[in-house]
Amino acid sequence: MAAEKRPMDMEEEEFEKDISDSVTLDKYKTAAAICTRAVQEVIKALVPGKRIVEVCEIGDNYIMDSLKTVFTKAERGIAFPTCVSPNNMAGHNSPLADDTTVVAEGDVMKIDLGVHIDGYIANVAHTVVVTSNPAEPITGRKADVIIAANLAAEAALRLIRVGGKNTEVTEVINKVAEAFKTSPCEGVLSHQLKRFVIDGSKVILQKPTAEQKVEEFTFEANEVYSLDIVFSTGEGKTRETESRTTVYKRALENSYSLKMQASRTVFTEINRKFPSLPFTLRALEDKRARLGMSEIIKHDLVHSYPVLYERAGEIVAQFKYTVLCTPTQTVKASGLPLTQVFKSEHSIQDPAVNELLAQPLGKKAKKTTKKTEGAEASMDTA
């Protein structure tokens, strides 16, 4: 498959197509379907004792195999490498081939990946608990944070509609988190998706802080968003530790004349294969990648996606959907329902939030104030 184009390499008319064009819409939906199936394949591979890097490779290989038979004249590939992040690890864990970390019974696993077809991107993330007894309900704080994150994603999804505001989405996310005594993780942004652009400038902020705020805006017809919800049983303050960063994205705004031959070789491969979308070092063919990346990173030629952690003992859950905002309805293009049974002693008591969750996508909400008593979830509410 051909390497990605840079946005600057394309004619403006070609670049600006949106989902009002039926072919473009089909590319988004096809990429989203592959995303969702890839997550299902990764879930099957999450068995105790299996190395996490092998699980990540299963996701990436499934994506590339699936893309061989669709839109064969278009560029297509991985838009975000498969990451599998356990327990208090908040995300971006895509280990190198020599990593020996294995899946363990009871792990709370976040799976995060992305696909593009002709530059049109679909992302997805899902959380599961590794268990040898799938019929037994998952309870306690694991259930609290997974139910909360899932319900927050479903509530937020229903507010991404023409005429709605990003601040309304932020508000409902925090209401759901509070109901389950959990915290949205700081620094998490849901970006508008554009062709070959995974981090568009219109963003939904999950948790406003004194240090991070965003401008209010109104959702418009034919926009696409990557809705990203990351909750923690702790304070929601993540940090980097000793884990090595392996996921990067080319910093198109920066340039530098590299001095080391190893750096130039690796940078040439990055520009050829991954000029605008995130990649894992595992995908680089040049065996000197580790050596060459040092100078590339030093001179800000790439943006890093560091492995982030909550405090030890806390649990982090993540759900991510690709959301199509059409003139008449909101479409959840990617994402899985909860396939495990979770029971929590907490529930949403806010009538407005429950009314929102009861609303079918693309239709007006029915007037209801029914409470979610003793939250129990085993399937998607969309």
# chains A, B, ... in the order shown; residues from 1 in each chain; ligands from 1
call {"tool": "select_by_dssp", "arguments": {"residues": "region 45-229 of chain A", "states": "alpha helix (DSSP H)", "output": "MDAnalysis selection string"}}
result
chainID A and resid 45 52:67 140:157 166:179
call {"tool": "write_last_selection", "arguments": {"atoms": "N, CA and C atoms", "output": "CSV table (one decimal), in the first residue's frame"}}
result
chain,number,residue,atom,x,y,z
A,45,ALA,N,-7.4,-12.3,21.8
A,45,ALA,CA,-6.0,-12.6,22.1
A,45,ALA,C,-5.6,-12.3,23.5
A,52,ILE,N,2.0,-8.8,25.6
A,52,ILE,CA,1.2,-7.7,25.2
A,52,ILE,C,1.7,-7.2,23.8
A,53,VAL,N,3.0,-7.3,23.5
A,53,VAL,CA,3.4,-6.9,22.2
A,53,VAL,C,2.8,-7.8,21.1
A,54,GLU,N,2.7,-9.1,21.4
A,54,GLU,CA,2.0,-10.0,20.4
A,54,GLU,C,0.6,-9.6,20.2
A,55,VAL,N,-0.1,-9.2,21.2
A,55,VAL,CA,-1.5,-8.8,21.1
A,55,VAL,C,-1.6,-7.5,20.2
A,56,CYS,N,-0.7,-6.6,20.4
A,56,CYS,CA,-0.7,-5.4,19.6
A,56,CYS,C,-0.4,-5.7,18.1
A,57,GLU,N,0.5,-6.7,17.9
A,57,GLU,CA,0.8,-7.1,16.5
A,57,GLU,C,-0.4,-7.7,15.9
A,58,ILE,N,-1.2,-8.4,16.6
A,58,ILE,CA,-2.5,-9.0,16.1
A,58,ILE,C,-3.4,-7.9,15.6
A,59,GLY,N,-3.5,-6.9,16.4
A,59,GLY,CA,-4.4,-5.8,15.9
A,59,GLY,C,-3.9,-5.1,14.7
A,60,ASP,N,-2.6,-4.8,14.6
A,60,ASP,CA,-2.0,-4.1,13.5
A,60,ASP,C,-2.1,-5.0,12.2
A,61,ASN,N,-1.8,-6.3,12.4
A,61,ASN,CA,-1.8,-7.2,11.2
A,61,ASN,C,-3.2,-7.4,10.7
A,62,TYR,N,-4.2,-7.4,11.6
A,62,TYR,CA,-5.6,-7.6,11.2
A,62,TYR,C,-6.0,-6.4,10.3
A,63,ILE,N,-5.6,-5.2,10.8
A,63,ILE,CA,-6.0,-4.0,10.1
A,63,ILE,C,-5.4,-4.0,8.6
A,64,MET,N,-4.1,-4.3,8.6
A,64,MET,CA,-3.4,-4.3,7.3
A,64,MET,C,-4.0,-5.4,6.3
A,65,ASP,N,-4.3,-6.6,6.9
A,65,ASP,CA,-4.9,-7.6,6.1
A,65,ASP,C,-6.3,-7.2,5.5
A,66,SER,N,-7.1,-6.6,6.4
A,66,SER,CA,-8.4,-6.2,6.1
A,66,SER,C,-8.4,-5.1,5.0
A,67,LEU,N,-7.4,-4.3,5.0
A,67,LEU,CA,-7.4,-3.1,4.0
A,67,LEU,C,-7.0,-3.6,2.6
A,140,GLY,N,-17.2,-3.8,42.1
A,140,GLY,CA,-16.2,-3.0,42.8
A,140,GLY,C,-15.7,-1.8,41.9
A,141,ARG,N,-14.5,-1.3,42.2
A,141,ARG,CA,-14.0,-0.2,41.5
A,141,ARG,C,-13.8,-0.4,40.0
A,142,LYS,N,-13.5,-1.6,39.6
A,142,LYS,CA,-13.3,-1.9,38.2
A,142,LYS,C,-14.6,-1.7,37.5
A,143,ALA,N,-15.7,-2.1,38.1
A,143,ALA,CA,-17.0,-1.9,37.4
A,143,ALA,C,-17.4,-0.5,37.4
A,144,ASP,N,-17.1,0.2,38.6
A,144,ASP,CA,-17.5,1.6,38.7
A,144,ASP,C,-16.9,2.4,37.5
A,145,VAL,N,-15.6,2.3,37.3
A,145,VAL,CA,-14.9,3.1,36.3
A,145,VAL,C,-15.2,2.7,34.9
A,146,ILE,N,-15.5,1.4,34.6
A,146,ILE,CA,-15.8,1.0,33.3
A,146,ILE,C,-17.2,1.4,32.9
A,147,ILE,N,-18.2,1.2,33.8
A,147,ILE,CA,-19.6,1.7,33.6
A,147,ILE,C,-19.6,3.2,33.4
A,148,ALA,N,-18.9,3.9,34.3
A,148,ALA,CA,-18.9,5.4,34.2
A,148,ALA,C,-18.3,5.9,32.9
A,149,ALA,N,-17.2,5.3,32.4
A,149,ALA,CA,-16.6,5.8,31.2
A,149,ALA,C,-17.5,5.5,30.0
A,150,ASN,N,-18.1,4.3,30.0
A,150,ASN,CA,-19.0,3.9,28.9
A,150,ASN,C,-20.2,4.8,28.9
A,151,LEU,N,-20.9,5.0,30.0
A,151,LEU,CA,-22.1,5.9,30.0
A,151,LEU,C,-21.7,7.3,29.6
A,152,ALA,N,-20.5,7.8,30.1
A,152,ALA,CA,-20.1,9.1,29.7
A,152,ALA,C,-19.9,9.2,28.2
A,153,ALA,N,-19.4,8.2,27.6
A,153,ALA,CA,-19.2,8.2,26.1
A,153,ALA,C,-20.6,8.2,25.4
A,154,GLU,N,-21.5,7.4,26.0
A,154,GLU,CA,-22.8,7.4,25.3
A,154,GLU,C,-23.6,8.7,25.5
A,155,ALA,N,-23.5,9.3,26.7
A,155,ALA,CA,-24.1,10.6,26.9
A,155,ALA,C,-23.5,11.7,26.0
A,156,ALA,N,-22.1,11.7,26.0
A,156,ALA,CA,-21.4,12.7,25.1
A,156,ALA,C,-21.8,12.5,23.7
A,157,LEU,N,-21.9,11.3,23.2
A,157,LEU,CA,-22.2,11.0,21.8
A,157,LEU,C,-23.5,11.7,21.4
A,166,ASN,N,-19.5,22.2,22.4
A,166,ASN,CA,-18.5,21.3,23.0
A,166,ASN,C,-18.5,21.4,24.5
A,167,THR,N,-18.9,22.6,25.1
A,167,THR,CA,-18.9,22.7,26.5
A,167,THR,C,-20.0,21.9,27.2
A,168,GLU,N,-21.1,21.7,26.4
A,168,GLU,CA,-22.2,20.8,26.9
A,168,GLU,C,-21.7,19.4,27.0
A,169,VAL,N,-20.9,19.0,26.1
A,169,VAL,CA,-20.3,17.6,26.2
A,169,VAL,C,-19.4,17.5,27.4
A,170,THR,N,-18.6,18.5,27.6
A,170,THR,CA,-17.7,18.4,28.8
A,170,THR,C,-18.5,18.4,30.1
A,171,GLU,N,-19.6,19.1,30.1
A,171,GLU,CA,-20.4,19.1,31.4
A,171,GLU,C,-21.0,17.8,31.7
A,172,VAL,N,-21.5,17.1,30.7
A,172,VAL,CA,-22.2,15.8,30.9
A,172,VAL,C,-21.1,14.7,31.3
A,173,ILE,N,-19.9,14.8,30.7
A,173,ILE,CA,-18.9,13.9,31.0
A,173,ILE,C,-18.6,13.9,32.5
A,174,ASN,N,-18.4,15.1,33.0
A,174,ASN,CA,-18.1,15.3,34.4
A,174,ASN,C,-19.2,14.9,35.4
A,175,LYS,N,-20.4,15.1,34.9
A,175,LYS,CA,-21.6,14.7,35.7
A,175,LYS,C,-21.6,13.2,35.9
A,176,VAL,N,-21.4,12.5,34.8
A,176,VAL,CA,-21.4,11.0,34.9
A,176,VAL,C,-20.2,10.5,35.8
A,177,ALA,N,-19.0,11.1,35.6
A,177,ALA,CA,-17.9,10.7,36.4
A,177,ALA,C,-18.2,10.9,37.9
A,178,GLU,N,-18.8,12.0,38.3
A,178,GLU,CA,-19.1,12.3,39.7
A,178,GLU,C,-20.1,11.3,40.2
A,179,ALA,N,-21.0,10.9,39.4
A,179,ALA,CA,-22.1,9.9,39.9
A,179,ALA,C,-21.4,8.6,40.3
call {"tool": "closest_atom_pairs", "arguments": {"of": "region 265-287 of chain A", "to": "region 238-249 of chain A", "cutoff": "8 Å", "atoms": "only C-alpha atoms", "output": "tab-separated table"}}
result
residue	atom	partner	partner_atom	distance
A:Phe274	CA	A:Lys249	CA	7.7
A:Pro275	CA	A:Lys249	CA	7.9
A:Ser276	CA	A:Lys249	CA	6.6
A:Leu277	CA	A:Lys249	CA	5.7
A:Pro278	CA	A:Lys249	CA	4.3
A:Phe279	CA	A:Val247	CA	5.6
A:Thr280	CA	A:Val247	CA	4.4
A:Leu281	CA	A:Thr246	CA	5.4
A:Arg282	CA	A:Thr246	CA	7.7
call {"tool": "select_by_dssp", "arguments": {"residues": "region 175-229 of chain A", "states": "strand (DSSP E or B)", "output": "PyMOL selection string"}}
result
chain A and resi 183-184+189-192+194+197+203-205+218+223-229
call {"tool": "write_last_selection", "arguments": {"atoms": "N, CA and C atoms", "output": "PDB file, in the first residue's frame"}}
result
ATOM      1  N   SER A 183     -12.987   9.935  38.172  1.00  0.00           N
ATOM      2  CA  SER A 183     -12.473  11.208  37.675  1.00  0.00           C
ATOM      3  C   SER A 183     -12.120  11.121  36.191  1.00  0.00           C
ATOM      4  N   PRO A 184     -12.539  12.091  35.386  1.00  0.00           N
ATOM      5  CA  PRO A 184     -12.015  12.169  34.021  1.00  0.00           C
ATOM      6  C   PRO A 184     -10.519  12.484  34.090  1.00  0.00           C
ATOM      7  N   LEU A 189      -8.291  15.074  25.139  1.00  0.00           N
ATOM      8  CA  LEU A 189      -9.029  15.882  24.177  1.00  0.00           C
ATOM      9  C   LEU A 189      -9.681  14.989  23.130  1.00  0.00           C
ATOM     10  N   SER A 190     -10.889  15.323  22.743  1.00  0.00           N
ATOM     11  CA  SER A 190     -11.566  14.680  21.620  1.00  0.00           C
ATOM     12  C   SER A 190     -11.461  15.629  20.436  1.00  0.00           C
ATOM     13  N   HIS A 191     -10.786  15.184  19.375  1.00  0.00           N
ATOM     14  CA  HIS A 191     -10.472  16.059  18.251  1.00  0.00           C
ATOM     15  C   HIS A 191     -11.420  15.863  17.072  1.00  0.00           C
ATOM     16  N   GLN A 192     -11.628  16.941  16.334  1.00  0.00           N
ATOM     17  CA  GLN A 192     -12.246  16.803  15.022  1.00  0.00           C
ATOM     18  C   GLN A 192     -11.258  16.082  14.114  1.00  0.00           C
ATOM     19  N   LYS A 194      -9.920  15.342  10.311  1.00  0.00           N
ATOM     20  CA  LYS A 194      -9.885  15.856   8.937  1.00  0.00           C
ATOM     21  C   LYS A 194      -9.051  14.885   8.113  1.00  0.00           C
ATOM     22  N   VAL A 197      -5.526  14.181   9.098  1.00  0.00           N
ATOM     23  CA  VAL A 197      -5.293  14.958  10.324  1.00  0.00           C
ATOM     24  C   VAL A 197      -6.050  14.293  11.467  1.00  0.00           C
ATOM     25  N   VAL A 203     -11.800  20.989  19.400  1.00  0.00           N
ATOM     26  CA  VAL A 203     -11.621  19.934  20.400  1.00  0.00           C
ATOM     27  C   VAL A 203     -12.656  20.031  21.512  1.00  0.00           C
ATOM     28  N   ILE A 204     -12.938  18.868  22.096  1.00  0.00           N
ATOM     29  CA  ILE A 204     -13.767  18.764  23.297  1.00  0.00           C
ATOM     30  C   ILE A 204     -12.834  18.427  24.440  1.00  0.00           C
ATOM     31  N   LEU A 205     -12.823  19.268  25.463  1.00  0.00           N
ATOM     32  CA  LEU A 205     -11.959  19.038  26.619  1.00  0.00           C
ATOM     33  C   LEU A 205     -12.708  18.190  27.637  1.00  0.00           C
ATOM     34  N   THR A 218     -19.578  25.525  18.204  1.00  0.00           N
ATOM     35  CA  THR A 218     -20.821  24.830  17.872  1.00  0.00           C
ATOM     36  C   THR A 218     -20.547  23.763  16.814  1.00  0.00           C
ATOM     37  N   GLU A 223     -19.344  17.214  10.012  1.00  0.00           N
ATOM     38  CA  GLU A 223     -18.086  17.105  10.727  1.00  0.00           C
ATOM     39  C   GLU A 223     -17.926  15.696  11.285  1.00  0.00           C
ATOM     40  N   VAL A 224     -16.664  15.304  11.538  1.00  0.00           N
ATOM     41  CA  VAL A 224     -16.351  13.995  12.109  1.00  0.00           C
ATOM     42  C   VAL A 224     -15.459  14.212  13.329  1.00  0.00           C
ATOM     43  N   TYR A 225     -15.763  13.488  14.407  1.00  0.00           N
ATOM     44  CA  TYR A 225     -15.007  13.630  15.653  1.00  0.00           C
ATOM     45  C   TYR A 225     -14.561  12.279  16.184  1.00  0.00           C
ATOM     46  N   SER A 226     -13.426  12.298  16.848  1.00  0.00           N
ATOM     47  CA  SER A 226     -12.954  11.134  17.603  1.00  0.00           C
ATOM     48  C   SER A 226     -13.259  11.416  19.069  1.00  0.00           C
ATOM     49  N   LEU A 227     -14.347  10.832  19.568  1.00  0.00           N
ATOM     50  CA  LEU A 227     -14.782  11.061  20.942  1.00  0.00           C
ATOM     51  C   LEU A 227     -13.993  10.144  21.864  1.00  0.00           C
ATOM     52  N   ASP A 228     -13.185  10.717  22.733  1.00  0.00           N
ATOM     53  CA  ASP A 228     -12.265   9.953  23.577  1.00  0.00           C
ATOM     54  C   ASP A 228     -12.587  10.196  25.048  1.00  0.00           C
ATOM     55  N   ILE A 229     -12.970   9.134  25.753  1.00  0.00           N
ATOM     56  CA  ILE A 229     -13.316   9.221  27.173  1.00  0.00           C
ATOM     57  C   ILE A 229     -12.354   8.345  27.962  1.00  0.00           C
TER      58      ILE A 229
END
call {"tool": "residues_around", "arguments": {"residues": "region 122-135 of chain A", "least_positions_apart": "2", "cutoff": "8 Å", "atoms": "only C-alpha atoms", "output": "short mmCIF file (atom, residue, chain, number, x, y, z; two decimals) with N, CA, C and O atoms, in the first residue's frame"}}
result
data_model
loop_
_atom_site.label_atom_id
_atom_site.label_comp_id
_atom_site.auth_asym_id
_atom_site.auth_seq_id
_atom_site.Cartn_x
_atom_site.Cartn_y
_atom_site.Cartn_z
N TYR A 28 -15.09 6.53 5.47
CA TYR A 28 -15.12 6.63 6.94
C TYR A 28 -15.78 5.38 7.54
O TYR A 28 -15.25 4.79 8.50
N LYS A 29 -16.92 4.99 6.99
CA LYS A 29 -17.66 3.87 7.57
C LYS A 29 -16.89 2.56 7.41
O LYS A 29 -16.91 1.70 8.31
N ALA A 31 -13.57 2.24 7.18
CA ALA A 31 -12.45 2.30 8.13
C ALA A 31 -12.93 2.02 9.55
O ALA A 31 -12.28 1.31 10.33
N ALA A 32 -14.10 2.58 9.89
CA ALA A 32 -14.66 2.38 11.23
C ALA A 32 -15.02 0.92 11.47
O ALA A 32 -14.80 0.37 12.57
N CYS A 35 -11.88 -0.96 12.15
CA CYS A 35 -11.47 -0.63 13.53
C CYS A 35 -12.17 -1.54 14.54
O CYS A 35 -11.54 -2.13 15.41
N THR A 36 -13.47 -1.58 14.42
CA THR A 36 -14.27 -2.31 15.40
C THR A 36 -13.95 -3.80 15.37
O THR A 36 -13.82 -4.44 16.42
N VAL A 39 -10.59 -4.52 17.06
CA VAL A 39 -10.68 -4.57 18.52
C VAL A 39 -11.19 -5.94 18.97
O VAL A 39 -10.71 -6.52 19.95
N ILE A 43 -9.33 -8.48 21.53
CA ILE A 43 -9.97 -9.01 22.74
C ILE A 43 -9.81 -10.53 22.81
O ILE A 43 -9.51 -11.08 23.88
N LEU A 46 -6.49 -11.61 24.26
CA LEU A 46 -6.14 -11.22 25.63
C LEU A 46 -6.34 -12.40 26.59
O LEU A 46 -7.33 -12.48 27.31
N VAL A 47 -5.36 -13.29 26.58
CA VAL A 47 -5.40 -14.45 27.47
C VAL A 47 -4.17 -14.40 28.37
O VAL A 47 -3.08 -13.96 27.95
N PRO A 48 -4.31 -14.81 29.63
CA PRO A 48 -3.17 -14.76 30.55
C PRO A 48 -1.94 -15.48 30.00
O PRO A 48 -2.04 -16.57 29.42
N ALA A 79 -3.95 4.29 11.16
CA ALA A 79 -3.97 5.70 11.54
C ALA A 79 -3.46 5.91 12.96
O ALA A 79 -3.03 7.00 13.31
N PHE A 80 -3.58 4.85 13.77
CA PHE A 80 -3.01 4.87 15.12
C PHE A 80 -2.67 3.42 15.46
O PHE A 80 -3.53 2.55 15.36
N ALA A 104 -2.29 -10.62 32.28
CA ALA A 104 -2.53 -11.35 33.53
C ALA A 104 -4.03 -11.40 33.83
O ALA A 104 -4.79 -10.51 33.44
N GLU A 105 -4.45 -12.46 34.52
CA GLU A 105 -5.84 -12.59 34.96
C GLU A 105 -6.23 -11.38 35.80
O GLU A 105 -5.50 -10.93 36.68
N GLY A 106 -7.39 -10.80 35.48
CA GLY A 106 -7.88 -9.65 36.23
C GLY A 106 -7.45 -8.30 35.68
O GLY A 106 -7.93 -7.26 36.16
N ASP A 107 -6.55 -8.29 34.70
CA ASP A 107 -6.12 -7.02 34.12
C ASP A 107 -7.30 -6.27 33.49
O ASP A 107 -8.15 -6.88 32.82
N VAL A 108 -7.33 -4.96 33.70
CA VAL A 108 -8.28 -4.09 33.01
C VAL A 108 -7.54 -3.51 31.81
O VAL A 108 -6.63 -2.69 31.96
N MET A 109 -7.91 -3.95 30.61
CA MET A 109 -7.15 -3.62 29.41
C MET A 109 -7.87 -2.59 28.54
O MET A 109 -9.03 -2.77 28.16
N LYS A 110 -7.15 -1.53 28.22
CA LYS A 110 -7.63 -0.54 27.26
C LYS A 110 -7.02 -0.86 25.90
O LYS A 110 -5.79 -0.95 25.80
N ILE A 111 -7.85 -1.01 24.88
CA ILE A 111 -7.39 -1.26 23.52
C ILE A 111 -7.70 -0.01 22.70
O ILE A 111 -8.84 0.45 22.68
N ASP A 112 -6.70 0.51 22.02
CA ASP A 112 -6.85 1.78 21.29
C ASP A 112 -6.16 1.63 19.94
O ASP A 112 -4.99 1.22 19.88
N LEU A 113 -6.86 1.94 18.84
CA LEU A 113 -6.26 1.81 17.51
C LEU A 113 -7.01 2.67 16.50
O LEU A 113 -8.09 3.19 16.80
N GLY A 114 -6.43 2.81 15.32
CA GLY A 114 -7.06 3.63 14.28
C GLY A 114 -6.74 3.14 12.88
O GLY A 114 -5.70 2.50 12.65
N VAL A 115 -7.62 3.46 11.93
CA VAL A 115 -7.51 3.05 10.54
C VAL A 115 -7.78 4.26 9.65
O VAL A 115 -8.61 5.11 9.99
N HIS A 116 -7.09 4.32 8.51
CA HIS A 116 -7.47 5.35 7.54
C HIS A 116 -7.61 4.74 6.16
O HIS A 116 -6.90 3.79 5.79
N TYR A 120 -9.00 9.30 5.35
CA TYR A 120 -10.19 9.49 6.18
C TYR A 120 -10.10 8.51 7.36
O TYR A 120 -10.10 7.30 7.17
N PRO A 137 -20.26 -11.59 37.14
CA PRO A 137 -20.27 -10.13 37.03
C PRO A 137 -19.01 -9.50 37.62
O PRO A 137 -18.48 -9.97 38.63
N ILE A 146 -15.47 1.45 34.62
CA ILE A 146 -15.81 1.02 33.27
C ILE A 146 -17.23 1.44 32.91
O ILE A 146 -17.49 1.97 31.81
N SER A 226 -13.43 12.30 16.85
CA SER A 226 -12.95 11.13 17.60
C SER A 226 -13.26 11.42 19.07
O SER A 226 -12.55 12.18 19.73
N ASP A 228 -13.19 10.72 22.73
CA ASP A 228 -12.26 9.95 23.58
C ASP A 228 -12.59 10.20 25.05
O ASP A 228 -12.49 11.33 25.53
N ALA A 317 -10.12 3.38 32.67
CA ALA A 317 -10.95 2.81 31.60
C ALA A 317 -11.06 3.82 30.47
O ALA A 317 -11.07 5.04 30.71
N GLN A 318 -11.16 3.31 29.24
CA GLN A 318 -11.24 4.18 28.06
C GLN A 318 -12.24 3.65 27.05
O GLN A 318 -12.32 2.45 26.81
N PHE A 319 -13.01 4.57 26.47
CA PHE A 319 -13.87 4.27 25.33
C PHE A 319 -13.71 5.39 24.31
O PHE A 319 -13.69 6.57 24.69
N LYS A 320 -13.59 5.01 23.05
CA LYS A 320 -13.42 6.00 21.99
C LYS A 320 -14.30 5.60 20.81
O LYS A 320 -14.31 4.44 20.40
N TYR A 321 -15.04 6.58 20.28
CA TYR A 321 -15.91 6.35 19.14
C TYR A 321 -15.53 7.31 18.01
O TYR A 321 -15.10 8.44 18.27
N THR A 322 -15.76 6.88 16.78
CA THR A 322 -15.73 7.79 15.64
C THR A 322 -17.15 8.27 15.42
O THR A 322 -18.06 7.45 15.22
N SER A 334 -17.88 3.83 14.86
CA SER A 334 -17.03 2.78 15.42
C SER A 334 -17.31 2.64 16.91
O SER A 334 -17.76 3.58 17.57
N GLY A 335 -17.02 1.46 17.42
CA GLY A 335 -17.21 1.24 18.86
C GLY A 335 -17.98 -0.03 19.13
O GLY A 335 -18.87 -0.41 18.36
N LEU A 336 -17.63 -0.68 20.22
CA LEU A 336 -18.28 -1.92 20.63
C LEU A 336 -19.19 -1.69 21.82
O LEU A 336 -18.91 -0.82 22.66
N GLN A 340 -19.23 -7.64 28.55
CA GLN A 340 -19.15 -8.29 29.85
C GLN A 340 -20.21 -7.71 30.77
O GLN A 340 -20.77 -6.65 30.51
N VAL A 341 -20.47 -8.38 31.87
CA VAL A 341 -21.48 -7.91 32.82
C VAL A 341 -20.78 -7.18 33.96
O VAL A 341 -19.88 -7.70 34.60
#
call {"tool": "residues_around", "arguments": {"residues": "Val316 (chain A)", "least_positions_apart": "6", "cutoff": "6 Å", "atoms": "only C-alpha atoms", "output": "list in words"}}
result
Asn87, Asn88, Ala90, Phe231 and Ser232 of chain A
call {"tool": "write_last_selection", "arguments": {"atoms": "C-alpha atoms", "output": "mmCIF file, in the first residue's frame"}}
result
data_model
loop_
_atom_site.group_PDB
_atom_site.id
_atom_site.type_symbol
_atom_site.label_atom_id
_atom_site.label_comp_id
_atom_site.auth_asym_id
_atom_site.auth_seq_id
_atom_site.Cartn_x
_atom_site.Cartn_y
_atom_site.Cartn_z
ATOM 1 C CA ASN A 87 -4.812 -1.304 34.837
ATOM 2 C CA ASN A 88 -3.394 2.078 35.950
ATOM 3 C CA ALA A 90 -3.717 5.305 30.887
ATOM 4 C CA PHE A 231 -11.755 7.820 33.397
ATOM 5 C CA SER A 232 -9.831 6.872 36.532
#
call {"tool": "closest_residue", "arguments": {"among": "A:Lys298, A:Ile160, A:Gln206, A:Phe217", "to": "Leu361 (chain A)", "atoms": "only C-alpha atoms"}}
result
A:Ile160
call {"tool": "atom_distance", "arguments": {"atom1": "CA of Ser255 (chain A)", "atom2": "CA of Leu301 (chain A)"}}
result
6.4 Å
call {"tool": "atom_distance", "arguments": {"atom1": "CA of Cys325 (chain A)", "atom2": "CA of Arg195 (chain A)"}}
result
15.5 Å
call {"tool": "atom_distance", "arguments": {"atom1": "CA of Ser257 (chain A)", "atom2": "CA of Ile198 (chain A)"}}
result
26.3 Å
